[in-house]
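Colleague: I'd like to ask you about the structure that follows.
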2 protein chains.
Amino acid sequence: METTIKMFKALSDETRLRIFLLLIQSEELCVCELVNILNMEQSRISHSIRILREADLIVNRREGRWIIYSINREIKNNEIIHGLKNEVKLPEQDLENFAKCKKKNIREKFKCN
Amino acid sequence: METTIKMFKALSDETRLRIFLLLIQSEELCVCELVNILNMEQSRISHSIRILREADLIVNRREGRWIIYSINREIKNNEIIHGLKNEVKLPEQDLENFAKCKKKNIREKFKCN
DNA sequence: CGATAATATGAATATCATTATATATAAAGG
DNA sequence: CCTTTATATATAATGATATTCATATTATCG
């Protein structure tokens, strides 16, 4: 129950829900990609990510200069998350920006933004 | 997306989640039964109920002096709610109090509390 | 109709959450 | 090593939420 409440709390904010859905879409993303896609302040993304991480919804690993986030495998068979995947779609704009961002391949270049 | 966020927000509070799960268990309950089961201030229950209602999670009808709440049928095939049912159990204490309350049959008597 | 019961609502307060700005840290490049 | 880049965190301002106490509303009973 406590875990579920934490999960609901983490996902009951638009910014965080969009980040979470983007991570479901894309397997993994770094912060500067999320900044790029969502067009928000970096500190806002970082802060949002922290709350998702603290709710055990996402995990991260470092890869050189980047810290790369992905969905926590352990919640992949949580039925609420399953339901969420089927019930909610990302805004079109986010999908577009996500595609553009992937094309840019910003992590290959020297400079991200 | 907006609907889902409203839903998550409504269910991300312990009081409201317990009320919601009790209503799933029991088909329908009036406020004084919930006060009885959860052992909380009546106004707290009423306020919580309002938020669940505004998120379209529950509905109500009047029956004499009582206002009786139940799960909104329209969300019964929402996959997130399905997931929730399977993932979360009510605290034992609530189940006990629920059973006791049903035995008391308070709506049959003149006075509820 | 007056009293009581069930529930809702309002106001006040306390707590918590969100966002922006500024700063810190850690890795990599030259 | 000094700079730049990516990210995190601290701080502060603002806004939202939860809870309680007091009061209002609506229905029933006598």
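Convention: chains lettered A, B, ... in structure tokens order; per-chain residue numbering from 1; ligands numbered from 1 as shown.
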Provide as a ChimeraX atom specification the residues of chain C at most 12 Å from chain B, counting only C-alpha atoms (C1' of nucleotides).

Modeller: /C:4-10

Colleague: Include C-alpha atoms (C1' of nucleotides) and write out the residues we just selected as a PDB file, in the first residue's frame.

Modeller:
ATOM      1  C1'  DT C   4     -32.054  15.274  15.821  1.00  0.00           C
ATOM      2  C1'  DA C   5     -29.287  12.662  12.572  1.00  0.00           C
ATOM      3  C1'  DA C   6     -26.356  12.367   8.357  1.00  0.00           C
ATOM      4  C1'  DT C   7     -23.634  14.728   5.451  1.00  0.00           C
ATOM      5  C1'  DA C   8     -21.490  18.739   3.193  1.00  0.00           C
ATOM      6  C1'  DT C   9     -19.084  22.894   3.161  1.00  0.00           C
ATOM      7  C1'  DG C  10     -16.113  26.938   4.793  1.00  0.00           C
TER       8       DG C  10
END

Colleague: Superposition of chain B onto chain A by least squares over all sequentially paired C-alpha atoms; the transformed chain is requested as an mmCIF file with N, CA and C atoms, in the first residue's frame.

Modeller:
data_model
loop_
_atom_site.group_PDB
_atom_site.id
_atom_site.type_symbol
_atom_site.label_atom_id
_atom_site.label_comp_id
_atom_site.auth_asym_id
_atom_site.auth_seq_id
_atom_site.Cartn_x
_atom_site.Cartn_y
_atom_site.Cartn_z
ATOM 1 N N MET B 1 0.781 -1.214 0.009
ATOM 2 C CA MET B 1 -0.051 -0.007 0.003
ATOM 3 C C MET B 1 0.809 1.266 0.010
ATOM 4 N N GLU B 2 1.808 1.273 0.882
ATOM 5 C CA GLU B 2 2.705 2.416 0.955
ATOM 6 C C GLU B 2 3.441 2.606 -0.382
ATOM 7 N N THR B 3 3.911 1.504 -0.927
ATOM 8 C CA THR B 3 4.614 1.535 -2.213
ATOM 9 C C THR B 3 3.714 2.091 -3.310
ATOM 10 N N THR B 4 2.480 1.618 -3.309
ATOM 11 C CA THR B 4 1.540 2.057 -4.341
ATOM 12 C C THR B 4 1.241 3.543 -4.216
ATOM 13 N N ILE B 5 1.089 4.010 -2.993
ATOM 14 C CA ILE B 5 0.827 5.435 -2.786
ATOM 15 C C ILE B 5 2.009 6.266 -3.293
ATOM 16 N N LYS B 6 3.216 5.795 -2.995
ATOM 17 C CA LYS B 6 4.412 6.493 -3.468
ATOM 18 C C LYS B 6 4.436 6.537 -5.000
ATOM 19 N N MET B 7 4.051 5.419 -5.590
ATOM 20 C CA MET B 7 4.008 5.320 -7.040
ATOM 21 C C MET B 7 2.980 6.285 -7.621
ATOM 22 N N PHE B 8 1.778 6.263 -7.076
ATOM 23 C CA PHE B 8 0.726 7.171 -7.545
ATOM 24 C C PHE B 8 1.160 8.624 -7.393
ATOM 25 N N LYS B 9 1.776 8.920 -6.261
ATOM 26 C CA LYS B 9 2.208 10.291 -6.011
ATOM 27 C C LYS B 9 3.233 10.718 -7.074
ATOM 28 N N ALA B 10 4.171 9.823 -7.343
ATOM 29 C CA ALA B 10 5.209 10.136 -8.327
ATOM 30 C C ALA B 10 4.616 10.355 -9.717
ATOM 31 N N LEU B 11 3.588 9.597 -10.043
ATOM 32 C CA LEU B 11 3.027 9.667 -11.394
ATOM 33 C C LEU B 11 1.870 10.651 -11.526
ATOM 34 N N SER B 12 1.538 11.335 -10.450
ATOM 35 C CA SER B 12 0.392 12.242 -10.489
ATOM 36 C C SER B 12 0.823 13.670 -10.807
ATOM 37 N N ASP B 13 1.904 13.796 -11.505
ATOM 38 C CA ASP B 13 2.403 15.105 -11.913
ATOM 39 C C ASP B 13 2.747 15.026 -13.392
ATOM 40 N N GLU B 14 2.300 16.013 -14.149
ATOM 41 C CA GLU B 14 2.414 15.925 -15.603
ATOM 42 C C GLU B 14 3.859 15.757 -16.068
ATOM 43 N N THR B 15 4.738 16.577 -15.533
ATOM 44 C CA THR B 15 6.146 16.485 -15.916
ATOM 45 C C THR B 15 6.677 15.069 -15.699
ATOM 46 N N ARG B 16 6.435 14.537 -14.512
ATOM 47 C CA ARG B 16 6.972 13.216 -14.192
ATOM 48 C C ARG B 16 6.311 12.122 -15.008
ATOM 49 N N LEU B 17 5.008 12.245 -15.237
ATOM 50 C CA LEU B 17 4.328 11.220 -16.036
ATOM 51 C C LEU B 17 4.878 11.218 -17.460
ATOM 52 N N ARG B 18 5.113 12.403 -18.002
ATOM 53 C CA ARG B 18 5.659 12.470 -19.364
ATOM 54 C C ARG B 18 7.053 11.858 -19.415
ATOM 55 N N ILE B 19 7.878 12.147 -18.421
ATOM 56 C CA ILE B 19 9.213 11.548 -18.382
ATOM 57 C C ILE B 19 9.098 10.029 -18.322
ATOM 58 N N PHE B 20 8.223 9.577 -17.456
ATOM 59 C CA PHE B 20 8.050 8.128 -17.280
ATOM 60 C C PHE B 20 7.592 7.473 -18.579
ATOM 61 N N LEU B 21 6.609 8.066 -19.234
ATOM 62 C CA LEU B 21 6.099 7.493 -20.483
ATOM 63 C C LEU B 21 7.158 7.537 -21.579
ATOM 64 N N LEU B 22 7.977 8.594 -21.584
ATOM 65 C CA LEU B 22 9.069 8.670 -22.557
ATOM 66 C C LEU B 22 10.064 7.534 -22.324
ATOM 67 N N LEU B 23 10.329 7.246 -21.076
ATOM 68 C CA LEU B 23 11.268 6.164 -20.771
ATOM 69 C C LEU B 23 10.692 4.798 -21.146
ATOM 70 N N ILE B 24 9.387 4.658 -21.040
ATOM 71 C CA ILE B 24 8.752 3.408 -21.494
ATOM 72 C C ILE B 24 8.926 3.272 -23.004
ATOM 73 N N GLN B 25 8.671 4.361 -23.731
ATOM 74 C CA GLN B 25 8.840 4.405 -25.184
ATOM 75 C C GLN B 25 10.233 4.021 -25.633
ATOM 76 N N SER B 26 11.216 4.572 -24.924
ATOM 77 C CA SER B 26 12.530 4.679 -25.529
ATOM 78 C C SER B 26 13.616 3.817 -24.914
ATOM 79 N N GLU B 27 13.259 2.974 -23.962
ATOM 80 C CA GLU B 27 14.259 2.168 -23.268
ATOM 81 C C GLU B 27 15.163 2.997 -22.371
ATOM 82 N N GLU B 28 15.850 3.995 -22.916
ATOM 83 C CA GLU B 28 16.686 4.812 -22.045
ATOM 84 C C GLU B 28 16.926 6.193 -22.607
ATOM 85 N N LEU B 29 17.119 7.150 -21.691
ATOM 86 C CA LEU B 29 17.353 8.539 -22.077
ATOM 87 C C LEU B 29 18.243 9.196 -21.033
ATOM 88 N N CYS B 30 19.063 10.145 -21.467
ATOM 89 C CA CYS B 30 19.819 10.932 -20.500
ATOM 90 C C CYS B 30 19.088 12.239 -20.230
ATOM 91 N N VAL B 31 19.526 12.963 -19.241
ATOM 92 C CA VAL B 31 18.830 14.180 -18.823
ATOM 93 C C VAL B 31 18.771 15.199 -19.948
ATOM 94 N N CYS B 32 19.878 15.354 -20.672
ATOM 95 C CA CYS B 32 19.857 16.411 -21.686
ATOM 96 C C CYS B 32 18.932 16.058 -22.842
ATOM 97 N N GLU B 33 18.734 14.765 -23.078
ATOM 98 C CA GLU B 33 17.727 14.378 -24.071
ATOM 99 C C GLU B 33 16.329 14.753 -23.587
ATOM 100 N N LEU B 34 16.064 14.509 -22.306
ATOM 101 C CA LEU B 34 14.754 14.870 -21.756
ATOM 102 C C LEU B 34 14.535 16.378 -21.779
ATOM 103 N N VAL B 35 15.596 17.125 -21.469
ATOM 104 C CA VAL B 35 15.512 18.586 -21.545
ATOM 105 C C VAL B 35 15.147 18.993 -22.964
ATOM 106 N N ASN B 36 15.796 18.347 -23.906
ATOM 107 C CA ASN B 36 15.576 18.599 -25.327
ATOM 108 C C ASN B 36 14.157 18.292 -25.772
ATOM 109 N N ILE B 37 13.648 17.154 -25.340
ATOM 110 C CA ILE B 37 12.320 16.712 -25.765
ATOM 111 C C ILE B 37 11.215 17.525 -25.088
ATOM 112 N N LEU B 38 11.361 17.724 -23.784
ATOM 113 C CA LEU B 38 10.274 18.366 -23.031
ATOM 114 C C LEU B 38 10.408 19.882 -22.991
ATOM 115 N N ASN B 39 11.612 20.355 -23.381
ATOM 116 C CA ASN B 39 11.821 21.791 -23.461
ATOM 117 C C ASN B 39 11.594 22.469 -22.101
ATOM 118 N N MET B 40 12.235 21.921 -21.097
ATOM 119 C CA MET B 40 12.099 22.446 -19.738
ATOM 120 C C MET B 40 13.479 22.681 -19.132
ATOM 121 N N GLU B 41 13.514 23.475 -18.068
ATOM 122 C CA GLU B 41 14.729 23.716 -17.289
ATOM 123 C C GLU B 41 15.383 22.392 -16.897
ATOM 124 N N GLN B 42 16.685 22.341 -16.971
ATOM 125 C CA GLN B 42 17.403 21.126 -16.594
ATOM 126 C C GLN B 42 17.159 20.748 -15.139
ATOM 127 N N SER B 43 17.132 21.743 -14.271
ATOM 128 C CA SER B 43 16.970 21.416 -12.846
ATOM 129 C C SER B 43 15.573 20.861 -12.573
ATOM 130 N N ARG B 44 14.639 21.300 -13.372
ATOM 131 C CA ARG B 44 13.269 20.781 -13.220
ATOM 132 C C ARG B 44 13.224 19.298 -13.585
ATOM 133 N N ILE B 45 13.893 18.965 -14.676
ATOM 134 C CA ILE B 45 13.968 17.560 -15.085
ATOM 135 C C ILE B 45 14.685 16.741 -14.005
ATOM 136 N N SER B 46 15.804 17.249 -13.538
ATOM 137 C CA SER B 46 16.559 16.521 -12.519
ATOM 138 C C SER B 46 15.733 16.281 -11.259
ATOM 139 N N HIS B 47 15.037 17.309 -10.825
ATOM 140 C CA HIS B 47 14.203 17.162 -9.634
ATOM 141 C C HIS B 47 13.097 16.135 -9.860
ATOM 142 N N SER B 48 12.482 16.191 -11.019
ATOM 143 C CA SER B 48 11.409 15.245 -11.333
ATOM 144 C C SER B 48 11.928 13.818 -11.324
ATOM 145 N N ILE B 49 13.088 13.656 -11.953
ATOM 146 C CA ILE B 49 13.713 12.349 -12.037
ATOM 147 C C ILE B 49 13.997 11.777 -10.661
ATOM 148 N N ARG B 50 14.424 12.646 -9.774
ATOM 149 C CA ARG B 50 14.739 12.210 -8.419
ATOM 150 C C ARG B 50 13.527 11.569 -7.751
ATOM 151 N N ILE B 51 12.380 12.178 -7.950
ATOM 152 C CA ILE B 51 11.161 11.662 -7.312
ATOM 153 C C ILE B 51 10.751 10.339 -7.930
ATOM 154 N N LEU B 52 10.909 10.211 -9.238
ATOM 155 C CA LEU B 52 10.622 8.928 -9.903
ATOM 156 C C LEU B 52 11.581 7.854 -9.400
ATOM 157 N N ARG B 53 12.836 8.250 -9.189
ATOM 158 C CA ARG B 53 13.837 7.311 -8.704
ATOM 159 C C ARG B 53 13.530 6.884 -7.276
ATOM 160 N N GLU B 54 13.170 7.849 -6.459
ATOM 161 C CA GLU B 54 12.867 7.538 -5.060
ATOM 162 C C GLU B 54 11.618 6.670 -4.915
ATOM 163 N N ALA B 55 10.760 6.712 -5.925
ATOM 164 C CA ALA B 55 9.586 5.830 -5.906
ATOM 165 C C ALA B 55 9.915 4.482 -6.546
ATOM 166 N N ASP B 56 11.195 4.266 -6.841
ATOM 167 C CA ASP B 56 11.681 3.015 -7.453
ATOM 168 C C ASP B 56 11.084 2.734 -8.820
ATOM 169 N N LEU B 57 10.691 3.790 -9.508
ATOM 170 C CA LEU B 57 10.107 3.592 -10.832
ATOM 171 C C LEU B 57 11.171 3.550 -11.911
ATOM 172 N N ILE B 58 12.282 4.242 -11.669
ATOM 173 C CA ILE B 58 13.350 4.270 -12.664
ATOM 174 C C ILE B 58 14.708 4.020 -12.001
ATOM 175 N N VAL B 59 15.655 3.652 -12.830
ATOM 176 C CA VAL B 59 17.019 3.440 -12.345
ATOM 177 C C VAL B 59 17.968 4.189 -13.273
ATOM 178 N N ASN B 60 19.244 4.247 -12.900
ATOM 179 C CA ASN B 60 20.186 4.971 -13.751
ATOM 180 C C ASN B 60 21.566 4.325 -13.715
ATOM 181 N N ARG B 61 22.323 4.614 -14.745
ATOM 182 C CA ARG B 61 23.733 4.220 -14.764
ATOM 183 C C ARG B 61 24.521 5.365 -15.394
ATOM 184 N N ARG B 62 25.772 5.451 -15.048
ATOM 185 C CA ARG B 62 26.600 6.487 -15.651
ATOM 186 C C ARG B 62 27.277 5.939 -16.907
ATOM 187 N N GLU B 63 27.377 6.792 -17.928
ATOM 188 C CA GLU B 63 28.103 6.417 -19.139
ATOM 189 C C GLU B 63 28.895 7.646 -19.552
ATOM 190 N N GLY B 64 30.134 7.685 -19.082
ATOM 191 C CA GLY B 64 30.964 8.857 -19.351
ATOM 192 C C GLY B 64 30.385 10.076 -18.686
ATOM 193 N N ARG B 65 30.163 11.111 -19.476
ATOM 194 C CA ARG B 65 29.623 12.346 -18.917
ATOM 195 C C ARG B 65 28.128 12.257 -18.632
ATOM 196 N N TRP B 66 27.466 11.250 -19.217
ATOM 197 C CA TRP B 66 26.014 11.172 -19.121
ATOM 198 C C TRP B 66 25.538 10.221 -18.029
ATOM 199 N N ILE B 67 24.401 10.552 -17.483
ATOM 200 C CA ILE B 67 23.737 9.620 -16.592
ATOM 201 C C ILE B 67 22.464 9.197 -17.295
ATOM 202 N N ILE B 68 22.350 7.899 -17.486
ATOM 203 C CA ILE B 68 21.309 7.403 -18.367
ATOM 204 C C ILE B 68 20.233 6.703 -17.553
ATOM 205 N N TYR B 69 18.997 7.112 -17.808
ATOM 206 C CA TYR B 69 17.860 6.617 -17.035
ATOM 207 C C TYR B 69 17.040 5.630 -17.832
ATOM 208 N N SER B 70 16.476 4.665 -17.097
ATOM 209 C CA SER B 70 15.555 3.719 -17.721
ATOM 210 C C SER B 70 14.562 3.207 -16.675
ATOM 211 N N ILE B 71 13.517 2.562 -17.167
ATOM 212 C CA ILE B 71 12.497 2.000 -16.277
ATOM 213 C C ILE B 71 13.127 0.898 -15.412
ATOM 214 N N ASN B 72 12.781 0.894 -14.149
ATOM 215 C CA ASN B 72 13.218 -0.181 -13.250
ATOM 216 C C ASN B 72 12.571 -1.500 -13.676
ATOM 217 N N ARG B 73 13.425 -2.475 -14.016
ATOM 218 C CA ARG B 73 12.889 -3.753 -14.482
ATOM 219 C C ARG B 73 11.908 -4.376 -13.502
ATOM 220 N N GLU B 74 12.174 -4.141 -12.238
ATOM 221 C CA GLU B 74 11.348 -4.793 -11.209
ATOM 222 C C GLU B 74 9.887 -4.365 -11.236
ATOM 223 N N ILE B 75 9.611 -3.212 -11.804
ATOM 224 C CA ILE B 75 8.203 -2.816 -11.848
ATOM 225 C C ILE B 75 7.555 -3.172 -13.184
ATOM 226 N N LYS B 76 8.316 -3.807 -14.047
ATOM 227 C CA LYS B 76 7.773 -4.063 -15.385
ATOM 228 C C LYS B 76 6.601 -5.036 -15.376
ATOM 229 N N ASN B 77 6.511 -5.845 -14.329
ATOM 230 C CA ASN B 77 5.312 -6.695 -14.271
ATOM 231 C C ASN B 77 4.303 -6.237 -13.217
ATOM 232 N N ASN B 78 4.438 -4.995 -12.799
ATOM 233 C CA ASN B 78 3.410 -4.411 -11.935
ATOM 234 C C ASN B 78 2.175 -4.131 -12.799
ATOM 235 N N GLU B 79 1.041 -4.620 -12.317
ATOM 236 C CA GLU B 79 -0.163 -4.546 -13.158
ATOM 237 C C GLU B 79 -0.681 -3.124 -13.331
ATOM 238 N N ILE B 80 -0.378 -2.275 -12.364
ATOM 239 C CA ILE B 80 -0.793 -0.876 -12.503
ATOM 240 C C ILE B 80 -0.031 -0.231 -13.660
ATOM 241 N N ILE B 81 1.269 -0.524 -13.720
ATOM 242 C CA ILE B 81 2.093 0.020 -14.808
ATOM 243 C C ILE B 81 1.629 -0.536 -16.166
ATOM 244 N N HIS B 82 1.312 -1.807 -16.181
ATOM 245 C CA HIS B 82 0.729 -2.391 -17.394
ATOM 246 C C HIS B 82 -0.496 -1.616 -17.842
ATOM 247 N N GLY B 83 -1.392 -1.401 -16.882
ATOM 248 C CA GLY B 83 -2.615 -0.651 -17.164
ATOM 249 C C GLY B 83 -2.298 0.733 -17.704
ATOM 250 N N LEU B 84 -1.360 1.384 -17.052
ATOM 251 C CA LEU B 84 -0.967 2.730 -17.460
ATOM 252 C C LEU B 84 -0.519 2.767 -18.920
ATOM 253 N N LYS B 85 0.320 1.790 -19.282
ATOM 254 C CA LYS B 85 0.799 1.716 -20.669
ATOM 255 C C LYS B 85 -0.346 1.670 -21.668
ATOM 256 N N ASN B 86 -1.393 0.922 -21.317
ATOM 257 C CA ASN B 86 -2.509 0.771 -22.259
ATOM 258 C C ASN B 86 -3.489 1.935 -22.232
ATOM 259 N N GLU B 87 -3.544 2.619 -21.096
ATOM 260 C CA GLU B 87 -4.566 3.664 -20.949
ATOM 261 C C GLU B 87 -4.106 5.036 -21.429
ATOM 262 N N VAL B 88 -2.801 5.307 -21.315
ATOM 263 C CA VAL B 88 -2.355 6.687 -21.558
ATOM 264 C C VAL B 88 -1.365 6.784 -22.707
ATOM 265 N N LYS B 89 -1.576 7.790 -23.538
ATOM 266 C CA LYS B 89 -0.642 8.058 -24.627
ATOM 267 C C LYS B 89 0.070 9.382 -24.375
ATOM 268 N N LEU B 90 1.314 9.448 -24.781
ATOM 269 C CA LEU B 90 2.069 10.698 -24.704
ATOM 270 C C LEU B 90 1.464 11.738 -25.641
ATOM 271 N N PRO B 91 1.567 13.023 -25.306
ATOM 272 C CA PRO B 91 1.157 14.075 -26.239
ATOM 273 C C PRO B 91 1.944 13.947 -27.550
ATOM 274 N N GLU B 92 1.262 14.203 -28.657
ATOM 275 C CA GLU B 92 1.882 14.136 -29.981
ATOM 276 C C GLU B 92 3.201 14.906 -30.030
ATOM 277 N N GLN B 93 3.166 16.103 -29.444
ATOM 278 C CA GLN B 93 4.351 16.960 -29.450
ATOM 279 C C GLN B 93 5.572 16.250 -28.863
ATOM 280 N N ASP B 94 5.342 15.515 -27.786
ATOM 281 C CA ASP B 94 6.452 14.805 -27.154
ATOM 282 C C ASP B 94 6.984 13.710 -28.073
ATOM 283 N N LEU B 95 6.076 13.016 -28.741
ATOM 284 C CA LEU B 95 6.500 11.949 -29.652
ATOM 285 C C LEU B 95 7.322 12.528 -30.803
ATOM 286 N N GLU B 96 6.850 13.646 -31.313
ATOM 287 C CA GLU B 96 7.586 14.344 -32.381
ATOM 288 C C GLU B 96 8.982 14.740 -31.917
ATOM 289 N N ASN B 97 9.014 15.416 -30.789
ATOM 290 C CA ASN B 97 10.301 15.878 -30.253
ATOM 291 C C ASN B 97 11.218 14.710 -29.942
ATOM 292 N N PHE B 98 10.629 13.627 -29.500
ATOM 293 C CA PHE B 98 11.397 12.427 -29.216
ATOM 294 C C PHE B 98 12.056 11.901 -30.488
ATOM 295 N N ALA B 99 11.283 11.848 -31.557
ATOM 296 C CA ALA B 99 11.814 11.375 -32.839
ATOM 297 C C ALA B 99 12.940 12.290 -33.330
ATOM 298 N N LYS B 100 12.683 13.583 -33.280
ATOM 299 C CA LYS B 100 13.702 14.566 -33.682
ATOM 300 C C LYS B 100 14.980 14.393 -32.865
ATOM 301 N N CYS B 101 14.804 14.225 -31.586
ATOM 302 C CA CYS B 101 15.943 14.106 -30.676
ATOM 303 C C CYS B 101 16.775 12.878 -31.010
ATOM 304 N N LYS B 102 16.097 11.782 -31.303
ATOM 305 C CA LYS B 102 16.809 10.555 -31.639
ATOM 306 C C LYS B 102 17.596 10.732 -32.927
ATOM 307 N N LYS B 103 17.013 11.488 -33.875
ATOM 308 C CA LYS B 103 17.697 11.750 -35.147
ATOM 309 C C LYS B 103 18.980 12.554 -34.900
ATOM 310 N N LYS B 104 18.873 13.529 -34.022
ATOM 311 C CA LYS B 104 20.006 14.404 -33.716
ATOM 312 C C LYS B 104 21.167 13.625 -33.114
ATOM 313 N N ASN B 105 20.807 12.563 -32.395
ATOM 314 C CA ASN B 105 21.835 11.712 -31.792
ATOM 315 C C ASN B 105 22.813 12.519 -30.956
ATOM 316 N N ILE B 106 22.292 13.310 -30.052
ATOM 317 C CA ILE B 106 23.105 14.295 -29.349
ATOM 318 C C ILE B 106 24.239 13.720 -28.520
ATOM 319 N N ARG B 107 24.095 12.470 -28.134
ATOM 320 C CA ARG B 107 25.155 11.920 -27.294
ATOM 321 C C ARG B 107 26.418 11.564 -28.099
ATOM 322 N N GLU B 108 26.295 11.542 -29.410
ATOM 323 C CA GLU B 108 27.444 11.247 -30.255
ATOM 324 C C GLU B 108 28.312 12.489 -30.468
ATOM 325 N N LYS B 109 27.683 13.643 -30.417
ATOM 326 C CA LYS B 109 28.410 14.886 -30.654
ATOM 327 C C LYS B 109 29.168 15.296 -29.397
ATOM 328 N N PHE B 110 29.992 16.263 -29.548
ATOM 329 C CA PHE B 110 30.724 16.759 -28.388
ATOM 330 C C PHE B 110 29.796 17.483 -27.421
ATOM 331 N N LYS B 111 28.922 18.314 -27.982
ATOM 332 C CA LYS B 111 28.095 19.176 -27.153
ATOM 333 C C LYS B 111 26.622 18.804 -27.302
ATOM 334 N N CYS B 112 25.960 18.730 -26.139
ATOM 335 C CA CYS B 112 24.591 18.240 -26.148
ATOM 336 C C CYS B 112 23.582 19.305 -26.540
ATOM 337 N N ASN B 113 23.715 20.506 -25.977
ATOM 338 C CA ASN B 113 22.698 21.541 -26.240
ATOM 339 C C ASN B 113 23.249 22.747 -27.014
#

Colleague: For chain D against chain A, which residues fall within 12 Å using only C-alpha atoms (C1' of nucleotides), given as a count of residues only?

Modeller: 7

Colleague: Rounded to one decimal place, report the atom C1' of D:DT3-atom C1' of C:DA22 distance in Å.

Modeller: 19.6 Å

Colleague: List every residue of stretch 28-107 of chain B that DSSP, applied to the backbone, labels as helix (DSSP H, G or I), and write the result as a VMD selection string.

Modeller: chain B and resid 31 to 38 42 to 54 73 to 75 79 to 87 92 to 104

Colleague: Go ahead and write the residues just picked, C-alpha atoms, as a PDB file, in the first residue's frame.

Modeller:
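The new file again33.pdb reads:
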ATOM      1  CA  VAL B  31     -20.307   8.107   5.153  1.00  0.00           C
ATOM      2  CA  CYS B  32     -21.093   7.018   8.678  1.00  0.00           C
ATOM      3  CA  GLU B  33     -20.060   3.470   7.842  1.00  0.00           C
ATOM      4  CA  LEU B  34     -16.739   4.793   6.556  1.00  0.00           C
ATOM      5  CA  VAL B  35     -16.341   6.895   9.694  1.00  0.00           C
ATOM      6  CA  ASN B  36     -17.010   3.738  11.669  1.00  0.00           C
ATOM      7  CA  ILE B  37     -14.557   1.573   9.759  1.00  0.00           C
ATOM      8  CA  LEU B  38     -11.705   4.048   9.388  1.00  0.00           C
ATOM      9  CA  GLN B  42     -16.586  12.766   9.590  1.00  0.00           C
ATOM     10  CA  SER B  43     -15.486  15.927   7.825  1.00  0.00           C
ATOM     11  CA  ARG B  44     -12.240  14.263   6.858  1.00  0.00           C
ATOM     12  CA  ILE B  45     -14.136  11.414   5.235  1.00  0.00           C
ATOM     13  CA  SER B  46     -16.465  13.835   3.477  1.00  0.00           C
ATOM     14  CA  HIS B  47     -13.590  15.882   2.127  1.00  0.00           C
ATOM     15  CA  SER B  48     -11.787  12.774   0.920  1.00  0.00           C
ATOM     16  CA  ILE B  49     -14.914  11.510  -0.756  1.00  0.00           C
ATOM     17  CA  ARG B  50     -15.336  14.782  -2.567  1.00  0.00           C
ATOM     18  CA  ILE B  51     -11.941  14.438  -4.206  1.00  0.00           C
ATOM     19  CA  LEU B  52     -12.646  10.849  -5.253  1.00  0.00           C
ATOM     20  CA  ARG B  53     -15.953  12.033  -6.685  1.00  0.00           C
ATOM     21  CA  GLU B  54     -14.383  14.924  -8.540  1.00  0.00           C
ATOM     22  CA  ARG B  73     -19.205   1.818 -13.149  1.00  0.00           C
ATOM     23  CA  GLU B  74     -17.523   3.652 -15.973  1.00  0.00           C
ATOM     24  CA  ILE B  75     -14.087   3.125 -14.518  1.00  0.00           C
ATOM     25  CA  GLU B  79      -6.911  -1.163 -16.712  1.00  0.00           C
ATOM     26  CA  ILE B  80      -5.145   0.895 -14.077  1.00  0.00           C
ATOM     27  CA  ILE B  81      -7.981   0.193 -11.644  1.00  0.00           C
ATOM     28  CA  HIS B  82      -7.813  -3.480 -12.564  1.00  0.00           C
ATOM     29  CA  GLY B  83      -4.117  -3.442 -11.790  1.00  0.00           C
ATOM     30  CA  LEU B  84      -4.737  -1.666  -8.519  1.00  0.00           C
ATOM     31  CA  LYS B  85      -7.217  -4.326  -7.414  1.00  0.00           C
ATOM     32  CA  ASN B  86      -4.630  -7.043  -7.947  1.00  0.00           C
ATOM     33  CA  GLU B  87      -1.638  -5.200  -6.544  1.00  0.00           C
ATOM     34  CA  GLU B  92      -6.143  -6.139   8.004  1.00  0.00           C
ATOM     35  CA  GLN B  93      -7.566  -3.690  10.518  1.00  0.00           C
ATOM     36  CA  ASP B  94      -9.801  -2.149   7.880  1.00  0.00           C
ATOM     37  CA  LEU B  95     -11.079  -5.548   6.782  1.00  0.00           C
ATOM     38  CA  GLU B  96     -11.851  -6.432  10.385  1.00  0.00           C
ATOM     39  CA  ASN B  97     -13.622  -3.162  11.034  1.00  0.00           C
ATOM     40  CA  PHE B  98     -15.489  -3.562   7.787  1.00  0.00           C
ATOM     41  CA  ALA B  99     -16.774  -6.973   8.846  1.00  0.00           C
ATOM     42  CA  LYS B 100     -17.766  -5.676  12.280  1.00  0.00           C
ATOM     43  CA  CYS B 101     -19.526  -2.720  10.722  1.00  0.00           C
ATOM     44  CA  LYS B 102     -21.530  -4.913   8.385  1.00  0.00           C
ATOM     45  CA  LYS B 103     -22.588  -7.060  11.350  1.00  0.00           C
ATOM     46  CA  LYS B 104     -23.763  -3.977  13.231  1.00  0.00           C
TER      47      LYS B 104
END
